[in-house]
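Visitor: My structure file data39.csv, CSV, C-alpha atoms and all ligand atoms, is below:
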chain,number,residue,atom,x,y,z
A,1,MET,CA,125.8,-15.2,-57.8
A,2,LEU,CA,125.3,-11.8,-59.4
A,3,LYS,CA,126.8,-8.9,-57.6
A,4,PRO,CA,124.9,-5.6,-57.9
A,5,ASN,CA,126.9,-2.3,-58.0
A,6,ARG,CA,126.9,-1.7,-54.3
A,7,ARG,CA,128.1,1.9,-54.9
A,8,TYR,CA,124.5,2.8,-55.5
A,9,GLY,CA,124.2,2.7,-51.7
A,10,GLU,CA,126.8,5.5,-51.5
A,11,LEU,CA,124.8,8.0,-53.5
A,12,LYS,CA,123.0,10.8,-51.7
A,13,ASP,CA,119.3,10.4,-52.1
A,14,THR,CA,117.2,12.9,-54.0
A,15,TYR,CA,116.0,14.4,-50.8
A,16,LEU,CA,116.5,18.0,-51.9
A,17,PHE,CA,113.8,18.2,-54.6
A,18,ASN,CA,111.5,15.8,-52.8
A,19,THR,CA,111.6,18.0,-49.7
A,20,ILE,CA,111.0,21.1,-51.6
A,21,TYR,CA,108.0,19.5,-53.3
A,22,ARG,CA,106.6,18.1,-50.0
A,23,LYS,CA,107.0,21.4,-48.1
A,24,THR,CA,105.4,23.4,-51.0
A,25,SER,CA,102.5,20.9,-51.3
A,26,GLU,CA,101.9,21.0,-47.5
A,27,TYR,CA,101.8,24.8,-47.5
A,28,LEU,CA,99.3,24.9,-50.4
A,29,GLU,CA,97.1,22.3,-48.7
A,30,ALA,CA,97.0,24.5,-45.6
A,31,ASN,CA,96.6,27.7,-47.5
A,32,PRO,CA,94.5,26.9,-50.6
A,33,ASP,CA,93.9,30.5,-51.4
A,34,LYS,CA,97.6,31.4,-51.8
A,35,LYS,CA,99.6,31.3,-55.0
A,36,VAL,CA,103.1,30.0,-54.9
A,37,TYR,CA,105.9,31.5,-57.1
A,38,ARG,CA,108.2,28.7,-58.1
A,39,MET,CA,111.6,30.3,-58.7
A,40,GLY,CA,113.8,27.3,-58.1
A,41,VAL,CA,113.3,25.1,-61.2
A,42,GLY,CA,116.2,24.9,-63.6
A,43,ASP,CA,114.0,24.1,-66.6
A,44,VAL,CA,113.1,26.5,-69.3
A,45,SER,CA,109.6,27.9,-69.7
A,46,LEU,CA,109.6,29.4,-73.2
A,47,PRO,CA,108.8,27.2,-76.2
A,48,LEU,CA,111.2,26.3,-79.0
A,49,CYS,CA,111.7,29.1,-81.4
A,50,LYS,CA,109.9,29.2,-84.8
A,51,ALA,CA,113.0,28.4,-86.9
A,52,VAL,CA,113.4,25.1,-84.9
A,53,ILE,CA,109.8,24.2,-85.1
A,54,ASP,CA,109.7,24.7,-88.8
A,55,ALA,CA,112.8,22.6,-89.3
A,56,LEU,CA,111.4,19.8,-87.1
A,57,HIS,CA,108.1,19.8,-89.1
A,58,LYS,CA,110.0,19.6,-92.3
A,59,ALA,CA,112.2,16.8,-91.0
A,60,VAL,CA,109.2,14.8,-90.0
A,61,ASP,CA,107.8,15.1,-93.5
A,62,ASP,CA,111.2,14.0,-94.9
A,63,GLN,CA,110.9,10.8,-93.0
A,64,GLY,CA,107.5,10.1,-94.6
A,65,CYS,CA,108.9,10.1,-98.2
A,66,ALA,CA,111.2,7.5,-99.8
A,67,ASP,CA,113.3,10.2,-101.5
A,68,THR,CA,114.1,12.1,-98.3
A,69,PHE,CA,113.9,9.3,-95.7
A,70,HIS,CA,116.9,8.8,-93.4
A,71,GLY,CA,117.7,5.6,-91.5
A,72,TYR,CA,120.6,5.4,-89.0
A,73,MET,CA,122.5,8.6,-88.7
A,74,PRO,CA,126.3,8.7,-88.2
A,75,GLU,CA,127.0,7.8,-84.5
A,76,VAL,CA,129.1,11.0,-84.2
A,77,GLY,CA,126.5,13.3,-85.7
A,78,ASP,CA,125.2,14.7,-89.0
A,79,PRO,CA,128.1,16.2,-90.9
A,80,GLU,CA,126.0,19.3,-91.7
A,81,LEU,CA,125.3,19.9,-88.0
A,82,ARG,CA,129.0,19.3,-87.0
A,83,LYS,CA,130.0,21.9,-89.6
A,84,ALA,CA,127.5,24.4,-88.2
A,85,ILE,CA,128.8,23.9,-84.7
A,86,SER,CA,132.4,24.2,-85.9
A,87,ASP,CA,131.4,27.6,-87.5
A,88,TYR,CA,129.7,28.6,-84.2
A,89,TYR,CA,133.0,28.0,-82.4
A,90,ARG,CA,134.9,30.0,-85.0
A,91,ASN,CA,132.6,32.9,-84.4
A,92,MET,CA,133.4,32.9,-80.7
A,93,GLY,CA,137.1,32.8,-81.4
A,94,ALA,CA,137.9,29.1,-80.9
A,95,ARG,CA,139.2,26.7,-83.5
A,96,VAL,CA,137.3,23.4,-83.3
A,97,SER,CA,137.2,21.2,-86.4
A,98,GLU,CA,134.2,19.1,-87.4
A,99,ASN,CA,135.8,15.8,-86.6
A,100,GLU,CA,136.4,17.1,-83.0
A,101,ILE,CA,132.6,17.6,-82.5
A,102,PHE,CA,130.4,14.8,-81.4
A,103,VAL,CA,126.6,15.3,-81.4
A,104,SER,CA,124.8,13.9,-78.4
A,105,SER,CA,121.4,13.5,-76.8
A,106,GLY,CA,122.3,16.1,-74.2
A,107,ALA,CA,125.0,17.1,-71.7
A,108,CYS,CA,123.8,14.8,-69.0
A,109,ASP,CA,124.2,11.7,-71.2
A,110,ASP,CA,127.7,12.6,-72.2
A,111,LEU,CA,128.9,13.7,-68.7
A,112,GLY,CA,128.2,10.1,-67.7
A,113,ASP,CA,129.4,8.3,-70.9
A,114,ILE,CA,132.6,10.3,-71.3
A,115,LEU,CA,134.0,8.7,-68.1
A,116,GLU,CA,134.4,5.5,-70.1
A,117,LEU,CA,137.6,7.1,-71.6
A,118,PHE,CA,139.3,7.0,-68.2
A,119,ASP,CA,140.5,4.2,-66.0
A,120,GLN,CA,138.8,3.6,-62.7
A,121,ASP,CA,142.0,4.3,-60.8
A,122,ASN,CA,142.0,8.0,-61.8
A,123,THR,CA,141.1,10.6,-59.1
A,124,VAL,CA,138.5,13.3,-59.7
A,125,MET,CA,138.3,16.9,-58.5
A,126,VAL,CA,135.0,18.6,-58.2
A,127,ILE,CA,134.6,22.3,-57.3
A,128,GLU,CA,131.8,22.6,-54.8
A,129,PRO,CA,129.0,23.7,-54.8
A,130,ALA,CA,128.5,21.5,-57.9
A,131,TYR,CA,126.0,20.0,-60.3
A,132,PRO,CA,125.4,16.6,-58.6
A,133,GLU,CA,126.0,14.5,-61.6
A,134,TYR,CA,129.8,15.0,-61.5
A,135,VAL,CA,130.1,13.3,-58.1
A,136,ASP,CA,127.4,10.7,-58.6
A,137,THR,CA,128.8,9.3,-61.9
A,138,ASN,CA,132.2,8.9,-60.4
A,139,ILE,CA,131.0,7.3,-57.2
A,140,LEU,CA,129.2,4.7,-59.3
A,141,ALA,CA,132.4,4.1,-61.3
A,142,GLY,CA,134.3,3.7,-58.0
A,143,ARG,CA,136.6,6.7,-58.4
A,144,LYS,CA,138.0,8.8,-55.5
A,145,VAL,CA,136.5,12.3,-55.5
A,146,ILE,CA,138.3,15.3,-54.1
A,147,HIS,CA,135.8,18.1,-53.2
A,148,LEU,CA,137.4,21.5,-53.6
A,149,THR,CA,135.4,24.0,-51.7
A,150,SER,CA,134.7,27.5,-52.9
A,151,GLY,CA,133.1,30.5,-51.2
A,152,GLU,CA,132.5,34.2,-51.1
A,153,GLU,CA,136.1,34.9,-50.4
A,154,ASN,CA,137.0,33.8,-54.0
A,155,GLY,CA,133.6,34.6,-55.5
A,156,PHE,CA,132.9,30.8,-55.7
A,157,LEU,CA,135.8,30.6,-58.3
A,158,PRO,CA,138.7,28.9,-56.6
A,159,LYS,CA,142.2,28.9,-58.0
A,160,PRO,CA,144.1,25.7,-58.7
A,161,CYS,CA,146.1,24.6,-55.7
A,162,GLU,CA,147.9,21.5,-54.3
A,163,GLU,CA,144.6,20.2,-52.9
A,164,ALA,CA,143.0,20.3,-56.4
A,165,LYS,CA,145.6,17.9,-57.9
A,166,ALA,CA,143.6,15.1,-59.6
A,167,ASP,CA,143.5,13.3,-62.9
A,168,ILE,CA,140.1,14.6,-64.0
A,169,LEU,CA,139.1,18.2,-63.2
A,170,TYR,CA,135.5,19.3,-63.5
A,171,ILE,CA,134.9,23.0,-64.3
A,172,CYS,CA,131.5,24.4,-64.9
A,173,SER,CA,131.5,28.0,-66.1
A,174,PRO,CA,129.0,29.7,-65.8
A,175,ASN,CA,128.4,27.5,-62.9
A,176,ASN,CA,125.3,25.8,-61.7
A,177,PRO,CA,124.3,26.5,-59.0
A,178,THR,CA,126.4,29.7,-58.2
A,179,GLY,CA,126.1,31.5,-61.5
A,180,ALA,CA,129.8,32.4,-61.1
A,181,ALA,CA,131.9,32.4,-64.3
A,182,PHE,CA,135.7,32.3,-64.7
A,183,SER,CA,137.4,35.2,-66.3
A,184,ARG,CA,139.9,34.5,-69.1
A,185,LYS,CA,142.8,34.8,-66.7
A,186,GLY,CA,141.1,32.6,-64.1
A,187,LEU,CA,140.3,29.8,-66.5
A,188,GLN,CA,143.8,30.0,-68.1
A,189,GLU,CA,145.3,29.2,-64.7
A,190,TRP,CA,143.2,26.0,-64.6
A,191,VAL,CA,144.3,25.1,-68.2
A,192,ASP,CA,147.9,25.7,-67.3
A,193,PHE,CA,147.5,23.7,-64.1
A,194,ALA,CA,145.9,20.7,-66.0
A,195,ASN,CA,148.7,20.8,-68.6
A,196,GLU,CA,151.3,20.9,-65.9
A,197,ILE,CA,150.0,17.9,-64.0
A,198,GLY,CA,148.7,15.9,-67.0
A,199,ALA,CA,145.1,16.1,-65.9
A,200,VAL,CA,142.1,16.3,-68.2
A,201,ILE,CA,139.5,19.1,-67.7
A,202,LEU,CA,135.9,18.2,-68.2
A,203,PHE,CA,134.5,21.6,-69.1
A,204,ASP,CA,130.8,22.0,-68.7
A,205,ALA,CA,129.6,24.8,-71.0
A,206,ALA,CA,125.9,24.2,-70.7
A,207,TYR,CA,125.3,27.9,-69.9
A,208,GLU,CA,127.8,29.6,-72.2
A,209,ILE,CA,125.2,31.6,-74.1
A,210,PHE,CA,124.3,33.6,-71.0
A,211,ILE,CA,127.7,35.2,-70.9
A,212,GLU,CA,127.7,39.0,-71.5
A,213,ASP,CA,131.1,40.1,-70.2
A,214,GLU,CA,133.9,40.3,-72.8
A,215,ASP,CA,136.4,39.0,-70.4
A,216,ILE,CA,134.6,35.7,-69.8
A,217,PRO,CA,135.3,32.9,-72.3
A,218,HIS,CA,132.4,31.1,-73.8
A,219,SER,CA,134.5,28.1,-74.6
A,220,VAL,CA,137.6,26.6,-72.9
A,221,TYR,CA,139.2,26.5,-76.4
A,222,GLU,CA,139.5,30.3,-76.4
A,223,LEU,CA,142.5,29.6,-74.1
A,224,ASP,CA,146.0,28.6,-75.0
A,225,GLY,CA,146.8,25.0,-74.5
A,226,ALA,CA,143.2,23.9,-73.8
A,227,ASP,CA,143.2,21.6,-76.9
A,228,ARG,CA,145.8,19.6,-75.1
A,229,CYS,CA,143.9,19.1,-71.9
A,230,ALA,CA,140.2,19.8,-72.1
A,231,ILE,CA,137.0,18.1,-73.2
A,232,GLU,CA,134.0,20.5,-73.5
A,233,ILE,CA,130.5,19.4,-73.0
A,234,CYS,CA,127.6,21.5,-74.3
A,235,SER,CA,123.9,21.4,-74.6
A,236,LEU,CA,121.1,23.1,-76.4
A,237,SER,CA,118.9,22.6,-73.4
A,238,LYS,CA,119.2,26.0,-71.8
A,239,THR,CA,120.5,27.8,-74.9
A,240,ALA,CA,117.6,26.9,-77.2
A,241,GLY,CA,115.0,25.4,-74.9
A,242,PHE,CA,115.8,21.8,-75.8
A,243,THR,CA,115.4,20.3,-72.3
A,244,GLY,CA,112.5,18.2,-73.5
A,245,THR,CA,113.7,17.8,-77.1
A,246,ARG,CA,117.2,16.7,-76.2
A,247,LEU,CA,120.4,17.5,-78.1
A,248,GLY,CA,123.9,18.4,-77.1
A,249,TYR,CA,127.5,18.2,-78.3
A,250,THR,CA,130.8,17.3,-76.9
A,251,VAL,CA,134.2,18.4,-78.2
A,252,VAL,CA,137.2,16.1,-77.9
A,253,PRO,CA,140.3,17.7,-79.5
A,254,CYS,CA,142.5,15.7,-81.8
A,255,LYS,CA,145.6,17.0,-79.9
A,256,LEU,CA,144.3,15.5,-76.6
A,257,LEU,CA,146.6,12.5,-76.0
A,258,ARG,CA,147.3,10.5,-72.9
A,259,ASP,CA,149.8,7.7,-72.6
A,260,GLY,CA,150.1,7.6,-76.4
A,261,MET,CA,146.3,7.2,-76.9
A,262,SER,CA,144.1,9.7,-78.8
A,263,LEU,CA,141.0,10.6,-76.7
A,264,ASN,CA,139.4,11.8,-79.9
A,265,GLU,CA,139.8,8.4,-81.6
A,266,MET,CA,138.8,6.6,-78.4
A,267,TRP,CA,135.6,8.7,-78.2
A,268,SER,CA,134.8,8.0,-81.9
A,269,ARG,CA,135.2,4.3,-81.1
A,270,ASN,CA,133.1,4.6,-78.0
A,271,ARG,CA,130.3,6.3,-80.0
A,272,GLU,CA,130.3,3.4,-82.5
A,273,THR,CA,129.8,1.0,-79.6
A,274,ARG,CA,127.5,2.9,-77.4
A,275,THR,CA,125.0,4.7,-79.6
A,276,ASN,CA,123.3,4.6,-83.0
A,277,GLY,CA,123.3,8.3,-83.2
A,278,VAL,CA,120.8,11.1,-82.5
A,279,SER,CA,117.6,11.1,-84.5
A,280,TYR,CA,117.6,12.8,-88.0
A,281,ILE,CA,114.6,14.9,-87.0
A,282,LEU,CA,116.2,16.4,-83.8
A,283,GLN,CA,119.5,17.1,-85.6
A,284,LYS,CA,117.6,19.0,-88.3
A,285,GLY,CA,115.9,21.0,-85.5
A,286,ALA,CA,119.3,21.6,-83.9
A,287,LEU,CA,120.7,22.8,-87.2
A,288,ALA,CA,118.1,25.5,-87.3
A,289,VAL,CA,119.5,26.9,-84.0
A,290,PHE,CA,122.7,27.7,-85.8
A,291,THR,CA,121.1,29.7,-88.7
A,292,PRO,CA,121.1,33.5,-88.5
A,293,GLN,CA,117.3,33.3,-88.0
A,294,GLY,CA,117.6,30.7,-85.3
A,295,GLN,CA,120.3,32.6,-83.5
A,296,LYS,CA,118.1,35.7,-83.5
A,297,GLN,CA,115.1,33.9,-82.2
A,298,ILE,CA,116.9,32.1,-79.4
A,299,HIS,CA,118.5,35.4,-78.3
A,300,ASP,CA,115.0,36.9,-78.2
A,301,ASN,CA,114.0,34.1,-75.7
A,302,LEU,CA,117.2,34.6,-73.7
A,303,SER,CA,116.4,38.3,-73.3
A,304,VAL,CA,113.3,37.3,-71.4
A,305,TYR,CA,115.4,35.2,-69.0
A,306,LYS,CA,117.9,38.1,-68.7
A,307,GLU,CA,115.1,40.5,-67.8
A,308,ASN,CA,114.0,38.0,-65.1
A,309,ALA,CA,117.6,38.0,-63.8
A,310,SER,CA,117.5,41.8,-63.6
A,311,TYR,CA,114.4,41.8,-61.4
A,312,PHE,CA,116.2,39.6,-58.9
A,313,MET,CA,119.5,41.5,-59.1
A,314,GLU,CA,117.7,44.8,-58.5
A,315,ALA,CA,115.8,43.4,-55.5
A,316,LEU,CA,119.0,42.1,-53.9
A,317,ASP,CA,121.0,45.2,-54.7
A,318,ALA,CA,118.3,47.3,-53.1
A,319,ALA,CA,118.3,45.1,-50.0
A,320,GLY,CA,122.1,45.1,-49.8
A,321,ILE,CA,122.4,41.3,-50.0
A,322,TRP,CA,125.5,39.6,-51.3
A,323,TYR,CA,125.0,37.5,-54.4
A,324,CYS,CA,126.7,36.2,-57.5
A,325,GLY,CA,125.4,35.1,-60.9
A,326,GLY,CA,122.5,36.7,-62.7
A,327,LYS,CA,124.6,38.7,-65.2
A,328,ASN,CA,126.4,35.9,-67.0
A,329,SER,CA,124.1,33.1,-65.9
A,330,PRO,CA,120.5,32.2,-65.5
A,331,TYR,CA,121.1,31.5,-61.8
A,332,ILE,CA,121.3,33.8,-58.8
A,333,TRP,CA,123.1,32.6,-55.7
A,334,MET,CA,122.5,34.8,-52.6
A,335,ARG,CA,123.7,34.7,-49.1
A,336,CYS,CA,120.8,34.0,-46.7
A,337,PRO,CA,120.1,37.0,-44.4
A,338,ASP,CA,120.9,37.0,-40.7
A,339,GLY,CA,122.9,33.8,-40.8
A,340,MET,CA,119.8,31.8,-41.7
A,341,SER,CA,120.4,28.3,-43.1
A,342,GLY,CA,119.2,27.6,-46.6
A,343,TRP,CA,116.2,25.6,-45.2
A,344,ASP,CA,115.2,28.2,-42.7
A,345,PHE,CA,115.3,30.8,-45.5
A,346,PHE,CA,113.2,28.4,-47.7
A,347,ASP,CA,110.5,28.1,-45.0
A,348,TYR,CA,110.6,31.9,-44.3
A,349,LEU,CA,110.1,32.8,-48.0
A,350,LEU,CA,107.3,30.3,-48.4
A,351,ARG,CA,105.5,31.4,-45.3
A,352,GLU,CA,105.9,35.2,-45.8
A,353,ILE,CA,105.9,35.8,-49.5
A,354,GLN,CA,105.1,32.4,-51.1
A,355,VAL,CA,108.3,32.3,-53.1
A,356,VAL,CA,110.1,29.0,-53.6
A,357,GLY,CA,113.8,28.7,-54.4
A,358,ILE,CA,116.5,26.1,-53.7
A,359,PRO,CA,118.5,25.9,-50.4
A,360,GLY,CA,122.2,25.8,-51.3
A,361,ASP,CA,122.8,22.9,-48.9
A,362,GLY,CA,121.7,20.6,-51.7
A,363,PHE,CA,124.8,21.3,-53.8
A,364,GLY,CA,127.4,20.4,-51.3
A,365,ALA,CA,128.5,21.4,-47.8
A,366,CYS,CA,129.8,24.9,-48.8
A,367,GLY,CA,126.4,25.8,-50.2
A,368,ARG,CA,125.1,26.0,-46.6
A,369,GLY,CA,123.7,29.4,-45.8
A,370,TYR,CA,123.1,30.2,-49.5
A,371,PHE,CA,120.1,30.1,-51.8
A,372,ARG,CA,119.6,29.6,-55.5
A,373,PHE,CA,117.0,31.4,-57.7
A,374,SER,CA,116.5,30.4,-61.3
A,375,THR,CA,115.4,33.0,-63.9
A,376,PHE,CA,113.8,30.5,-66.3
A,377,GLY,CA,110.3,31.2,-65.1
A,378,ASN,CA,107.4,33.3,-66.4
A,379,ARG,CA,108.2,37.0,-66.7
A,380,GLU,CA,105.3,38.4,-64.7
A,381,GLU,CA,105.6,35.8,-62.0
A,382,THR,CA,109.3,36.5,-61.6
A,383,LYS,CA,108.8,40.2,-61.4
A,384,GLU,CA,106.2,39.7,-58.7
A,385,ALA,CA,108.4,37.2,-56.8
A,386,ALA,CA,111.4,39.6,-57.0
A,387,ASN,CA,109.2,42.5,-55.7
A,388,ARG,CA,108.0,40.5,-52.8
A,389,LEU,CA,111.6,39.4,-52.0
A,390,CYS,CA,112.8,43.0,-52.1
A,391,LYS,CA,110.0,44.3,-49.7
A,392,LEU,CA,110.6,41.4,-47.3
A,393,LEU,CA,114.4,41.8,-47.2
A,394,LYS,CA,114.2,45.6,-46.8
A,395,LYS,CA,111.7,45.2,-43.9
A,396,GLU,CA,114.3,43.2,-41.9
B,401,LIG,N1,125.3,20.6,-66.9
B,401,LIG,C1,124.8,21.5,-66.1
B,401,LIG,C2,125.7,22.3,-65.3
B,401,LIG,C3,123.4,21.5,-66.0
B,401,LIG,O1,122.9,22.4,-65.1
B,401,LIG,C4,122.6,20.7,-66.7
B,401,LIG,C5,121.1,20.7,-66.6
B,401,LIG,O2,120.5,21.4,-65.8
B,401,LIG,C6,123.2,19.8,-67.6
B,401,LIG,C7,124.6,19.7,-67.7
B,401,LIG,C8,122.4,18.8,-68.3
B,401,LIG,O3,121.9,19.3,-69.5
B,401,LIG,P1,121.1,18.4,-70.6
B,401,LIG,O4,119.7,18.9,-70.5
B,401,LIG,O5,121.7,18.7,-71.9
B,401,LIG,O6,121.3,17.0,-70.2
Since I need it in another form, could you write the structure as structure tokens?
Ligand code: PLP

Guide:
Amino acid sequence: MLKPNRRYGELKDTYLFNTIYRKTSEYLEANPDKKVYRMGVGDVSLPLCKAVIDALHKAVDDQGCADTFHGYMPEVGDPELRKAISDYYRNMGARVSENEIFVSSGACDDLGDILELFDQDNTVMVIEPAYPEYVDTNILAGRKVIHLTSGEENGFLPKPCEEAKADILYICSPNNPTGAAFSRKGLQEWVDFANEIGAVILFDAAYEIFIEDEDIPHSVYELDGADRCAIEICSLSKTAGFTGTRLGYTVVPCKLLRDGMSLNEMWSRNRETRTNGVSYILQKGALAVFTPQGQKQIHDNLSVYKENASYFMEALDAAGIWYCGGKNSPYIWMRCPDGMSGWDFFDYLLREIQVVGIPGDGFGACGRGYFRFSTFGNREETKEAANRLCKLLKKE
């Protein structure tokens, strides 16, 4: 008889977002005259930039003409796009060659698929609070997960330690949900640790473009020895507004070997089996992101999100509340006032100022007592929400 994967029963349910939705809807039903400011959502609000839209239109027309039509694309990605991404890495001071870059349909897809490179017996270390996919995908695959907690005492950026010893190490910098980002020195310690114990780092760089500080690396490959221990997973979702368009890329260095096997060759082989590539049209749209015009336009959009972050940071600074993120990240992670739990604070904000964020409890046990705001919303609404928050917190 067929046996289903019983580990589905071990996954936490999607209670967090459902509860936020239910509480907000109930409030609006009871208070139909009120407007709610939704500052929790991690999805972008600005449209794709003009350079991308123009490239997408042109690519659609290409597909309608025999001379320019494209069928299957290479599973690993369009060579022109791989070259553009390789140049992008060079500009940020990291050497990544074209054959180390694999174009994907987004980071979420590859964070799941990449685990096919590793045996089920490997152990996994996840720094908490964390993006839930790291834990869920490994639970489904039957791997043991070690939860390394972080907190204010280390700025939510823990150092490697005995407890963190595992075969696969997840590092997300800048982090979702905390917005904390590793300095060069801090990340180098993890790279050295991984090389020492023979682990592989899965480095999630989905938010690299938000980094402003010189001392924070955009890519793990800016660090010595990372090409011998790290796989980097990237996405155009937050950098260029591709959440609904879908395109990402994963870097698997040629020097990354384990037990005599090349992870780069294995990943090429995996792609041949698991995908028929990303659509020609989307890859042309993505290529436009890496042109000078595209880069300028996506940075114009980013500056709106940065301004949103500044409203929240000013509000929290004025109220003297501890937080991290905001400067190098689109997320702001604040300590709830007066020892409130994340859910108590959620109810309080909804009732008093109609602002919705995300209770930190949803990202693992050490998120309790913290709260996440996203800066991806509309500028005017974010400004108003931050003003309301400031007044409320100062009144306390
Ligand atoms: N990694 C992190 C840390 C994220 O926050 C997200 C999306 O929110 C993803 C990966 C997934 O990105 P994508 O839209 O490319 O699947």

Visitor: What residues of the protein or nucleic acid chains come within 6 Å of ligand LIG 401 (chain B) when you use only C-alpha atoms and all ligand atoms? Reply as a list of chain:residue names.

Guide: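 After applying the 6 Å limit, what remains is A:Gly42, A:Gly106, A:Ala107, A:Cys108, A:Tyr131, A:Asn176, A:Asp204, A:Ala206, A:Ser235, A:Ser237, A:Thr243, A:Gly248.
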
Visitor: Tell me which of A:Pro217, A:Pro174, A:Gly325, A:Gly241 sits closest to Tyr89 (chain A), counting only C-alpha atoms.

Guide: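 Closest to Tyr89 (chain A), using only C-alpha atoms: A:Pro217.
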
Visitor: Could you name the residues that touch Ala319 (chain A) at 7 Å or less, counting all atoms listed in the file, but leaving out those on the same chain fewer than 5 positions away, as a list in words?

Guide: Cys390, Leu393 and Lys394 of chain A

Visitor: Please determine, counting only C-alpha atoms, which residue among A:Thr19, A:Thr239, A:Ser268, A:Ser104 has the shortest atom-to-atom distance to Asp43 (chain A).

Guide: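 Closest to Asp43 (chain A) of all the choices is A:Thr239.
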
Visitor: Pick out the residues sitting within 9 Å of Ile231 (chain A), and hand them over as a ChimeraX atom specification; count all atoms listed in the file, and ignore anything fewer than 3 positions along from it in its own chain.

Guide: /A:200-204,220,226-227,250-253,256

Visitor: Please report, as a Markdown table, each residue of region 298-384 of chain A lying at most 12 Å from region 1-17 of chain A, together with the nearest pair of atoms and the separation in Å rounded to one decimal; use only C-alpha atoms, and order rows by chain and ascending residue number.

Guide:
| residue | atom | partner | partner_atom | distance |
| --- | --- | --- | --- | --- |
| A:Gly342 | CA | A:Leu16 | CA | 11.3 |
| A:Trp343 | CA | A:Leu16 | CA | 10.1 |
| A:Phe346 | CA | A:Leu16 | CA | 11.7 |
| A:Val356 | CA | A:Phe17 | CA | 11.5 |
| A:Gly357 | CA | A:Phe17 | CA | 10.5 |
| A:Ile358 | CA | A:Leu16 | CA | 8.3 |
| A:Pro359 | CA | A:Leu16 | CA | 8.3 |
| A:Gly360 | CA | A:Leu16 | CA | 9.7 |
| A:Asp361 | CA | A:Leu16 | CA | 8.5 |
| A:Gly362 | CA | A:Leu16 | CA | 5.8 |
| A:Phe363 | CA | A:Leu16 | CA | 9.1 |
| A:Gly364 | CA | A:Lys12 | CA | 10.6 |

Visitor: With distances taken over all atoms listed in the file, which residue among A:Thr68, A:Ser262, A:Ser86, A:Gln188 lies nearest Leu287 (chain A)?

Guide: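 For Leu287 (chain A), the nearest of the given residues is A:Ser86.
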
Visitor: Can you measure CA of Glu272 (chain A) to CA of Arg90 (chain A) for me? One decimal in Å is fine.

Guide: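 Atom-to-atom, CA of Glu272 (chain A) to CA of Arg90 (chain A), that is 27.1 Å.
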
Visitor: From the set A:Cys324, A:Leu247, A:Cys49, A:Met92, which residue has the shortest atom-to-atom contact distance to Gly277 (chain A), counting all atoms listed in the file?

Guide: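 Looking only at the distances to Gly277 (chain A), the closest residue turns out to be A:Leu247.
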
Visitor: Give the answer as one residue: which of A:Leu115, A:Ala205, A:Tyr370, A:Lys391 has the shortest atom-to-atom distance to Ile353 (chain A), using all atoms listed in the file?

Guide: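 Looking only at the distances to Ile353 (chain A), the closest residue turns out to be A:Lys391.
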
Visitor: Under the rule that all atoms listed in the file are counted, which of A:Thr137, A:Tyr170, A:Val44, A:Tyr249 is the nearest residue to Ile85 (chain A)?

Guide: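 Answer, going by the shortest atom-to-atom distance: A:Tyr249.
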
Visitor: Residues at most 8 Å from Leu282 (chain A), counting only C-alpha atoms, excluding those fewer than 3 positions away in the same chain, as a list in words?

Guide: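 In the requested format, the answer is Leu56, Thr245, Arg246, Leu247, Val278, Ser279, Gly285 and Ala286 of chain A.
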
Visitor: Please provide as a ChimeraX atom specification all residues within 9 Å of Pro330 (chain A), with the sequence filter that same-chain residues fewer than 3 positions apart are discarded (counting all atoms listed in the file).

Guide: /A:42,174,176,179,207,210,238,305-306,308-309,325-327,373-376

Visitor: Restricted to C-alpha atoms, what would the selected residues look like written as a PDB file, in the coordinates of the input?

Guide:
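Listing of out.pdb after writing:
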ATOM      1  CA  GLY A  42     116.200  24.900 -63.600  1.00  0.00           C
ATOM      2  CA  PRO A 174     129.000  29.700 -65.800  1.00  0.00           C
ATOM      3  CA  ASN A 176     125.300  25.800 -61.700  1.00  0.00           C
ATOM      4  CA  GLY A 179     126.100  31.500 -61.500  1.00  0.00           C
ATOM      5  CA  TYR A 207     125.300  27.900 -69.900  1.00  0.00           C
ATOM      6  CA  PHE A 210     124.300  33.600 -71.000  1.00  0.00           C
ATOM      7  CA  LYS A 238     119.200  26.000 -71.800  1.00  0.00           C
ATOM      8  CA  TYR A 305     115.400  35.200 -69.000  1.00  0.00           C
ATOM      9  CA  LYS A 306     117.900  38.100 -68.700  1.00  0.00           C
ATOM     10  CA  ASN A 308     114.000  38.000 -65.100  1.00  0.00           C
ATOM     11  CA  ALA A 309     117.600  38.000 -63.800  1.00  0.00           C
ATOM     12  CA  GLY A 325     125.400  35.100 -60.900  1.00  0.00           C
ATOM     13  CA  GLY A 326     122.500  36.700 -62.700  1.00  0.00           C
ATOM     14  CA  LYS A 327     124.600  38.700 -65.200  1.00  0.00           C
ATOM     15  CA  PHE A 373     117.000  31.400 -57.700  1.00  0.00           C
ATOM     16  CA  SER A 374     116.500  30.400 -61.300  1.00  0.00           C
ATOM     17  CA  THR A 375     115.400  33.000 -63.900  1.00  0.00           C
ATOM     18  CA  PHE A 376     113.800  30.500 -66.300  1.00  0.00           C
TER      19      PHE A 376
END

Visitor: Figure out the distance between CA of Glu133 (chain A) and CA of Asp121 (chain A), please, to one decimal in Å.

Guide: 19.0 Å

Visitor: Need the shell around Pro74 (chain A): protein/DNA/RNA residues with any atom at most 12 Å away, counting only C-alpha atoms. Skip same-chain ones fewer than 3 positions apart. Format as a list in words?

Guide: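 After dropping sequence-adjacent residues, the list is His70, Gly71, Gly77, Asp78, Pro79, Glu80, Leu81, Arg82, Asn99, Phe102, Val103, Ser104, Ser268, Arg271, Glu272, Thr275, Asn276, Gly277, Val278, Ser279, Tyr280 and Gln283 of chain A.
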